[in-house]
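K.L.:
I am attaching a structure below and will ask some questions about it afterwards.
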Amino acid sequence: MNSSLSPEQQEQYQHPDTIQRLLRATDTIAMVGLSSSPQKASQFVATYLQHQGYHIVPVHPKADSILGETAYPDVKSVPGPVDAVNVFRPPHECPTYAEQAAAIGADALWLQLGIVSPEAAAIADEHGLDVVMDRCMKMEHGRYQGGMHWMGMNTGVITAQRGRRQV
């Protein structure tokens, strides 16, 4: 998969072992910038992850509810524990969300595909959070759970058997 990160940054922020561990250990995901529009990538990702059994907490300053869940104006307002903060916002906003993720005791900061913020990564690293940058949580889940074909992706693997859903 293409990435604007250097090979060293890819090793640090896109390592398969880290991604797989986070996908297994995460239950609650605060999704910053989750749109109420079903055509937006953030809602497509959230719907998929919700269907896979993750608890999605929308973080959107102008929404009351998204996907049947109460929306919160920022990460600091989310009640209860959050395992990962998944960000669908521009890179210049990410340091704020890294600080908020650290403040609530999240375990990870995940910047979606196309989002790279070394400053946010440094803040999260400093507070002991795992960091993933420039990767899509839905695509990574599908890659490691054998469900890429359910998302309309050509995996390049020819088989007569389909993987079983992990719910």
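Ordering of the structure tokens sets the chain letters (A, B, ...), residue numbers begin anew at 1 in every chain, and ligands are numbered from 1 in the order given.
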Might you pull out every residue within 8 Å of A:Pro95, with only C-alpha atoms counted and same-chain residues fewer than 2 positions away left off, and present them as a list in words?
P.N.:
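Contacts, with the query itself left out: Pro91, His92, Glu93, Tyr97, Ala98, Glu99, Ser117, Glu119, Ala120, Ala121 and Ile123 of chain A.
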K.L.:
Would you output that residue set with N, CA, C and O atoms, as an mmCIF file, in the first residue's frame?
P.N.:
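Result saved to out-v3.cif:
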```
data_model
loop_
_atom_site.group_PDB
_atom_site.id
_atom_site.type_symbol
_atom_site.label_atom_id
_atom_site.label_comp_id
_atom_site.auth_asym_id
_atom_site.auth_seq_id
_atom_site.Cartn_x
_atom_site.Cartn_y
_atom_site.Cartn_z
ATOM 1 N N PRO A 91 -4.631 17.162 9.009
ATOM 2 C CA PRO A 91 -3.429 16.998 9.842
ATOM 3 C C PRO A 91 -3.173 18.130 10.828
ATOM 4 O O PRO A 91 -2.736 17.871 11.951
ATOM 5 N N HIS A 92 -3.466 19.379 10.446
ATOM 6 C CA HIS A 92 -3.175 20.490 11.365
ATOM 7 C C HIS A 92 -4.054 20.457 12.624
ATOM 8 O O HIS A 92 -3.713 21.069 13.633
ATOM 9 N N GLU A 93 -5.165 19.708 12.601
ATOM 10 C CA GLU A 93 -6.022 19.580 13.787
ATOM 11 C C GLU A 93 -5.622 18.392 14.678
ATOM 12 O O GLU A 93 -6.068 18.298 15.818
ATOM 13 N N TYR A 97 -6.218 16.576 18.961
ATOM 14 C CA TYR A 97 -6.856 15.293 19.284
ATOM 15 C C TYR A 97 -5.881 14.330 19.946
ATOM 16 O O TYR A 97 -6.297 13.507 20.765
ATOM 17 N N ALA A 98 -4.613 14.444 19.636
ATOM 18 C CA ALA A 98 -3.607 13.634 20.328
ATOM 19 C C ALA A 98 -3.554 14.017 21.806
ATOM 20 O O ALA A 98 -3.502 13.147 22.691
ATOM 21 N N GLU A 99 -3.591 15.321 22.080
ATOM 22 C CA GLU A 99 -3.599 15.788 23.473
ATOM 23 C C GLU A 99 -4.851 15.321 24.203
ATOM 24 O O GLU A 99 -4.783 14.886 25.355
ATOM 25 N N SER A 117 0.512 13.351 10.612
ATOM 26 C CA SER A 117 0.851 14.461 11.497
ATOM 27 C C SER A 117 1.964 14.027 12.448
ATOM 28 O O SER A 117 1.696 13.451 13.513
ATOM 29 N N GLU A 119 3.627 15.830 14.373
ATOM 30 C CA GLU A 119 3.447 16.531 15.644
ATOM 31 C C GLU A 119 2.463 15.780 16.546
ATOM 32 O O GLU A 119 2.715 15.586 17.734
ATOM 33 N N ALA A 120 1.342 15.335 15.982
ATOM 34 C CA ALA A 120 0.373 14.561 16.762
ATOM 35 C C ALA A 120 0.987 13.249 17.223
ATOM 36 O O ALA A 120 0.780 12.822 18.363
ATOM 37 N N ALA A 121 1.761 12.610 16.352
ATOM 38 C CA ALA A 121 2.413 11.348 16.708
ATOM 39 C C ALA A 121 3.384 11.557 17.870
ATOM 40 O O ALA A 121 3.445 10.739 18.787
ATOM 41 N N ILE A 123 3.242 13.855 20.207
ATOM 42 C CA ILE A 123 2.458 14.078 21.432
ATOM 43 C C ILE A 123 1.949 12.741 21.968
ATOM 44 O O ILE A 123 2.058 12.446 23.161
#
```
K.L.:
For A:Pro81, find every residue with an atom within 12 Å (counting only C-alpha atoms), except residues of its own chain fewer than 2 positions away, and show them as a list in words.
P.N.:
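Here the answer would be Thr26, Asp27, Thr28, Ile29, Ala30, His55, Ile56, Val57, Val75, Lys76, Ser77, Val78, Pro79, Asp83, Ala84, Val85, Ala101, Ala102, Ala103, Ile104, Gly105, Ala106 and Asp107 of chain A.
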K.L.:
Restricting the output to N, CA and C atoms, write the selected residues as a PDB file, in the first residue's frame.
P.N.:
```
ATOM      1  N   THR A  26      -8.892  -3.449  21.020  1.00  0.00           N
ATOM      2  CA  THR A  26      -9.798  -2.301  21.047  1.00  0.00           C
ATOM      3  C   THR A  26     -11.252  -2.745  21.111  1.00  0.00           C
ATOM      4  N   ASP A  27     -12.011  -2.108  21.998  1.00  0.00           N
ATOM      5  CA  ASP A  27     -13.457  -2.305  22.076  1.00  0.00           C
ATOM      6  C   ASP A  27     -14.193  -1.019  21.717  1.00  0.00           C
ATOM      7  N   THR A  28     -13.742   0.106  22.282  1.00  0.00           N
ATOM      8  CA  THR A  28     -14.411   1.387  22.100  1.00  0.00           C
ATOM      9  C   THR A  28     -13.533   2.329  21.300  1.00  0.00           C
ATOM     10  N   ILE A  29     -14.125   2.889  20.232  1.00  0.00           N
ATOM     11  CA  ILE A  29     -13.404   3.792  19.338  1.00  0.00           C
ATOM     12  C   ILE A  29     -14.132   5.128  19.300  1.00  0.00           C
ATOM     13  N   ALA A  30     -13.449   6.189  19.706  1.00  0.00           N
ATOM     14  CA  ALA A  30     -13.976   7.543  19.532  1.00  0.00           C
ATOM     15  C   ALA A  30     -13.589   7.987  18.129  1.00  0.00           C
ATOM     16  N   HIS A  55     -17.577  -0.713  19.624  1.00  0.00           N
ATOM     17  CA  HIS A  55     -18.460   0.357  20.094  1.00  0.00           C
ATOM     18  C   HIS A  55     -17.915   1.665  19.534  1.00  0.00           C
ATOM     19  N   ILE A  56     -18.702   2.316  18.700  1.00  0.00           N
ATOM     20  CA  ILE A  56     -18.300   3.565  18.061  1.00  0.00           C
ATOM     21  C   ILE A  56     -18.902   4.736  18.825  1.00  0.00           C
ATOM     22  N   VAL A  57     -18.055   5.698  19.182  1.00  0.00           N
ATOM     23  CA  VAL A  57     -18.496   6.915  19.858  1.00  0.00           C
ATOM     24  C   VAL A  57     -18.228   8.082  18.907  1.00  0.00           C
ATOM     25  N   VAL A  75     -13.237  14.980  22.153  1.00  0.00           N
ATOM     26  CA  VAL A  75     -12.820  13.720  22.783  1.00  0.00           C
ATOM     27  C   VAL A  75     -12.909  13.813  24.300  1.00  0.00           C
ATOM     28  N   LYS A  76     -12.582  14.974  24.855  1.00  0.00           N
ATOM     29  CA  LYS A  76     -12.611  15.136  26.315  1.00  0.00           C
ATOM     30  C   LYS A  76     -14.007  14.970  26.902  1.00  0.00           C
ATOM     31  N   SER A  77     -15.029  15.167  26.098  1.00  0.00           N
ATOM     32  CA  SER A  77     -16.415  15.071  26.574  1.00  0.00           C
ATOM     33  C   SER A  77     -16.964  13.651  26.582  1.00  0.00           C
ATOM     34  N   VAL A  78     -16.231  12.719  25.998  1.00  0.00           N
ATOM     35  CA  VAL A  78     -16.707  11.330  25.910  1.00  0.00           C
ATOM     36  C   VAL A  78     -16.660  10.694  27.301  1.00  0.00           C
ATOM     37  N   PRO A  79     -17.816  10.208  27.798  1.00  0.00           N
ATOM     38  CA  PRO A  79     -17.813   9.548  29.108  1.00  0.00           C
ATOM     39  C   PRO A  79     -17.318   8.099  28.968  1.00  0.00           C
ATOM     40  N   ASP A  83     -10.674   3.158  24.003  1.00  0.00           N
ATOM     41  CA  ASP A  83      -9.445   2.429  23.693  1.00  0.00           C
ATOM     42  C   ASP A  83      -8.632   3.124  22.608  1.00  0.00           C
ATOM     43  N   ALA A  84      -9.320   3.600  21.562  1.00  0.00           N
ATOM     44  CA  ALA A  84      -8.625   4.236  20.440  1.00  0.00           C
ATOM     45  C   ALA A  84      -9.385   5.473  19.989  1.00  0.00           C
ATOM     46  N   VAL A  85      -8.638   6.486  19.597  1.00  0.00           N
ATOM     47  CA  VAL A  85      -9.201   7.693  19.006  1.00  0.00           C
ATOM     48  C   VAL A  85      -8.828   7.659  17.531  1.00  0.00           C
ATOM     49  N   ALA A 101      -6.702  12.695  23.443  1.00  0.00           N
ATOM     50  CA  ALA A 101      -6.619  11.234  23.601  1.00  0.00           C
ATOM     51  C   ALA A 101      -5.765  10.890  24.816  1.00  0.00           C
ATOM     52  N   ALA A 102      -4.652  11.582  24.956  1.00  0.00           N
ATOM     53  CA  ALA A 102      -3.781  11.353  26.119  1.00  0.00           C
ATOM     54  C   ALA A 102      -4.491  11.748  27.412  1.00  0.00           C
ATOM     55  N   ALA A 103      -5.224  12.856  27.378  1.00  0.00           N
ATOM     56  CA  ALA A 103      -5.896  13.354  28.581  1.00  0.00           C
ATOM     57  C   ALA A 103      -6.963  12.387  29.094  1.00  0.00           C
ATOM     58  N   ILE A 104      -7.634  11.657  28.198  1.00  0.00           N
ATOM     59  CA  ILE A 104      -8.681  10.731  28.648  1.00  0.00           C
ATOM     60  C   ILE A 104      -8.147   9.322  28.897  1.00  0.00           C
ATOM     61  N   GLY A 105      -6.853   9.115  28.652  1.00  0.00           N
ATOM     62  CA  GLY A 105      -6.257   7.811  28.914  1.00  0.00           C
ATOM     63  C   GLY A 105      -6.487   6.779  27.826  1.00  0.00           C
ATOM     64  N   ALA A 106      -6.698   7.240  26.589  1.00  0.00           N
ATOM     65  CA  ALA A 106      -6.845   6.296  25.474  1.00  0.00           C
ATOM     66  C   ALA A 106      -5.535   5.531  25.276  1.00  0.00           C
ATOM     67  N   ASP A 107      -5.640   4.365  24.675  1.00  0.00           N
ATOM     68  CA  ASP A 107      -4.462   3.547  24.424  1.00  0.00           C
ATOM     69  C   ASP A 107      -3.803   3.857  23.089  1.00  0.00           C
TER      70      ASP A 107
END
```
K.L.:
Assign secondary structure with DSSP using the backbone only, and return the residues of stretch 61-122 of chain A in helix (DSSP H, G or I) as a list of chain:residue names.
P.N.:
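Across stretch 61-122 of chain A, those assigned helix (DSSP H, G or I) are A:Val75, A:Lys76, A:Ser77, A:Pro91, A:His92, A:Glu93, A:Cys94, A:Pro95, A:Thr96, A:Tyr97, A:Ala98, A:Glu99, A:Gln100, A:Ala101, A:Ala102, A:Ala103, A:Ile104, A:Pro118, A:Glu119, A:Ala120, A:Ala121, A:Ala122.
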K.L.:
Tell me, as a ChimeraX atom specification, which residues lie within 10 Å of A:Phe88, counting only C-alpha atoms; anything in the same chain fewer than 6 positions away does not count.
P.N.:
/A:31-35,41-42,94,110-115,136
K.L.:
With N, CA, C and O atoms kept, could you save the residues just selected as a CSV table (one decimal), in the first residue's frame?
P.N.:
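Output (result_6.csv):
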```
chain,number,residue,atom,x,y,z
A,31,MET,N,-14.6,8.2,17.3
A,31,MET,CA,-14.3,8.6,15.9
A,31,MET,C,-14.5,10.1,15.7
A,31,MET,O,-15.6,10.6,15.7
A,32,VAL,N,-13.4,10.8,15.6
A,32,VAL,CA,-13.4,12.3,15.5
A,32,VAL,C,-13.7,12.6,14.0
A,32,VAL,O,-13.0,12.2,13.1
A,33,GLY,N,-14.7,13.4,13.8
A,33,GLY,CA,-15.0,13.8,12.4
A,33,GLY,C,-16.0,12.8,11.8
A,33,GLY,O,-16.2,12.9,10.6
A,34,LEU,N,-16.6,12.0,12.5
A,34,LEU,CA,-17.6,11.0,12.0
A,34,LEU,C,-18.8,11.8,11.4
A,34,LEU,O,-19.4,12.6,12.2
A,35,SER,N,-19.0,11.7,10.2
A,35,SER,CA,-20.1,12.4,9.5
A,35,SER,C,-21.4,11.7,9.6
A,35,SER,O,-21.5,10.5,9.8
A,41,ALA,N,-16.8,8.8,3.8
A,41,ALA,CA,-15.9,7.7,4.2
A,41,ALA,C,-16.0,7.4,5.7
A,41,ALA,O,-15.9,6.2,6.1
A,42,SER,N,-16.0,8.4,6.5
A,42,SER,CA,-16.0,8.2,7.9
A,42,SER,C,-17.2,7.4,8.4
A,42,SER,O,-17.1,6.5,9.2
A,94,CYS,N,-4.8,17.5,14.2
A,94,CYS,CA,-4.5,16.2,14.9
A,94,CYS,C,-3.8,16.4,16.2
A,94,CYS,O,-4.0,15.6,17.1
A,110,TRP,N,-5.2,6.8,16.1
A,110,TRP,CA,-5.2,6.3,14.8
A,110,TRP,C,-5.6,7.4,13.8
A,110,TRP,O,-6.7,7.9,13.9
A,111,LEU,N,-4.7,7.8,12.9
A,111,LEU,CA,-5.0,8.8,11.9
A,111,LEU,C,-5.3,8.1,10.6
A,111,LEU,O,-4.5,7.3,10.1
A,112,GLN,N,-6.5,8.3,10.1
A,112,GLN,CA,-7.0,7.6,8.9
A,112,GLN,C,-6.1,7.8,7.7
A,112,GLN,O,-5.2,8.6,7.7
A,113,LEU,N,-6.4,7.0,6.7
A,113,LEU,CA,-5.7,7.0,5.4
A,113,LEU,C,-5.6,8.4,4.9
A,113,LEU,O,-6.6,9.1,4.8
A,114,GLY,N,-4.4,8.8,4.5
A,114,GLY,CA,-4.1,10.1,4.0
A,114,GLY,C,-3.8,11.2,5.0
A,114,GLY,O,-3.5,12.3,4.7
A,115,ILE,N,-3.9,10.8,6.3
A,115,ILE,CA,-3.7,11.8,7.3
A,115,ILE,C,-2.3,11.5,8.0
A,115,ILE,O,-2.2,10.4,8.6
A,136,CYS,N,-6.3,3.0,7.0
A,136,CYS,CA,-7.7,3.0,7.3
A,136,CYS,C,-8.0,1.8,8.2
A,136,CYS,O,-7.6,0.7,7.9
```
K.L.:
Just asking: which residues within chain A are strand (DSSP E or B) according to DSSP, as a CSV table (one decimal) with N, CA, C and O atoms, in the first residue's frame?
P.N.:
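Wrote it out as part35.csv, contents follow:
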```
chain,number,residue,atom,x,y,z
A,28,THR,N,-13.7,0.1,22.3
A,28,THR,CA,-14.4,1.4,22.1
A,28,THR,C,-13.5,2.3,21.3
A,28,THR,O,-12.4,2.6,21.6
A,29,ILE,N,-14.1,2.9,20.2
A,29,ILE,CA,-13.4,3.8,19.3
A,29,ILE,C,-14.1,5.1,19.3
A,29,ILE,O,-15.3,5.2,18.9
A,30,ALA,N,-13.4,6.2,19.7
A,30,ALA,CA,-14.0,7.5,19.5
A,30,ALA,C,-13.6,8.0,18.1
A,30,ALA,O,-12.4,8.1,17.8
A,31,MET,N,-14.6,8.2,17.3
A,31,MET,CA,-14.3,8.6,15.9
A,31,MET,C,-14.5,10.1,15.7
A,31,MET,O,-15.6,10.6,15.7
A,32,VAL,N,-13.4,10.8,15.6
A,32,VAL,CA,-13.4,12.3,15.5
A,32,VAL,C,-13.7,12.6,14.0
A,32,VAL,O,-13.0,12.2,13.1
A,55,HIS,N,-17.6,-0.7,19.6
A,55,HIS,CA,-18.5,0.4,20.1
A,55,HIS,C,-17.9,1.7,19.5
A,55,HIS,O,-16.8,2.1,19.9
A,56,ILE,N,-18.7,2.3,18.7
A,56,ILE,CA,-18.3,3.6,18.1
A,56,ILE,C,-18.9,4.7,18.8
A,56,ILE,O,-20.1,4.8,19.1
A,57,VAL,N,-18.1,5.7,19.2
A,57,VAL,CA,-18.5,6.9,19.9
A,57,VAL,C,-18.2,8.1,18.9
A,57,VAL,O,-17.1,8.4,18.7
A,58,PRO,N,-19.3,8.7,18.3
A,58,PRO,CA,-19.1,9.8,17.4
A,58,PRO,C,-18.6,11.0,18.1
A,58,PRO,O,-19.1,11.4,19.2
A,59,VAL,N,-17.6,11.7,17.5
A,59,VAL,CA,-17.1,13.0,18.0
A,59,VAL,C,-17.3,14.0,16.9
A,59,VAL,O,-16.6,13.9,15.9
A,65,SER,N,-26.5,12.9,17.5
A,65,SER,CA,-26.5,11.5,17.4
A,65,SER,C,-26.1,11.1,16.0
A,65,SER,O,-26.5,11.7,15.0
A,66,ILE,N,-25.2,10.0,15.9
A,66,ILE,CA,-24.8,9.5,14.6
A,66,ILE,C,-24.8,8.0,14.8
A,66,ILE,O,-24.2,7.5,15.8
A,69,GLU,N,-25.8,6.4,18.1
A,69,GLU,CA,-24.9,6.7,19.2
A,69,GLU,C,-24.9,8.2,19.5
A,69,GLU,O,-24.9,9.0,18.6
A,70,THR,N,-24.9,8.5,20.8
A,70,THR,CA,-24.8,9.9,21.2
A,70,THR,C,-23.5,10.5,20.7
A,70,THR,O,-22.4,9.9,20.9
A,72,TYR,N,-20.5,13.5,20.7
A,72,TYR,CA,-19.9,14.4,21.7
A,72,TYR,C,-19.1,15.5,20.9
A,72,TYR,O,-18.6,15.2,19.9
A,84,ALA,N,-9.3,3.6,21.6
A,84,ALA,CA,-8.6,4.2,20.4
A,84,ALA,C,-9.4,5.5,20.0
A,84,ALA,O,-10.6,5.5,20.0
A,85,VAL,N,-8.6,6.5,19.6
A,85,VAL,CA,-9.2,7.7,19.0
A,85,VAL,C,-8.8,7.7,17.5
A,85,VAL,O,-7.7,7.7,17.2
A,86,ASN,N,-9.8,7.5,16.7
A,86,ASN,CA,-9.7,7.4,15.2
A,86,ASN,C,-10.0,8.8,14.6
A,86,ASN,O,-11.2,9.2,14.8
A,87,VAL,N,-9.1,9.4,13.9
A,87,VAL,CA,-9.3,10.8,13.5
A,87,VAL,C,-9.5,10.9,12.0
A,87,VAL,O,-8.6,10.4,11.2
A,108,ALA,N,-4.6,4.4,22.1
A,108,ALA,CA,-4.1,4.6,20.8
A,108,ALA,C,-4.6,5.8,20.1
A,108,ALA,O,-5.8,6.2,20.4
A,109,LEU,N,-3.8,6.4,19.2
A,109,LEU,CA,-4.3,7.4,18.3
A,109,LEU,C,-4.1,6.9,16.9
A,109,LEU,O,-3.0,6.4,16.5
A,110,TRP,N,-5.2,6.8,16.1
A,110,TRP,CA,-5.2,6.3,14.8
A,110,TRP,C,-5.6,7.4,13.8
A,110,TRP,O,-6.7,7.9,13.9
A,111,LEU,N,-4.7,7.8,12.9
A,111,LEU,CA,-5.0,8.8,11.9
A,111,LEU,C,-5.3,8.1,10.6
A,111,LEU,O,-4.5,7.3,10.1
A,130,ASP,N,-0.1,4.2,21.5
A,130,ASP,CA,0.3,3.6,20.2
A,130,ASP,C,-0.2,4.5,19.2
A,130,ASP,O,-1.3,5.2,19.3
A,131,VAL,N,0.5,4.6,18.1
A,131,VAL,CA,0.1,5.5,17.0
A,131,VAL,C,0.1,4.8,15.7
A,131,VAL,O,1.1,4.1,15.3
A,132,VAL,N,-1.0,4.9,14.9
A,132,VAL,CA,-1.0,4.5,13.5
A,132,VAL,C,-1.4,5.7,12.7
A,132,VAL,O,-2.3,6.4,13.0
```
K.L.:
Quick one: distance from atom CA of A:Leu5 to atom CA of A:Pro118 in Å, one decimal?
P.N.:
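Answer for the atom CA of A:Leu5 to atom CA of A:Pro118 separation: 9.8 Å.
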K.L.:
What separation in Å, quoted to one decimal, exists between atom CA of A:Thr18 and atom CA of A:Ala71?
P.N.:
28.0 Å
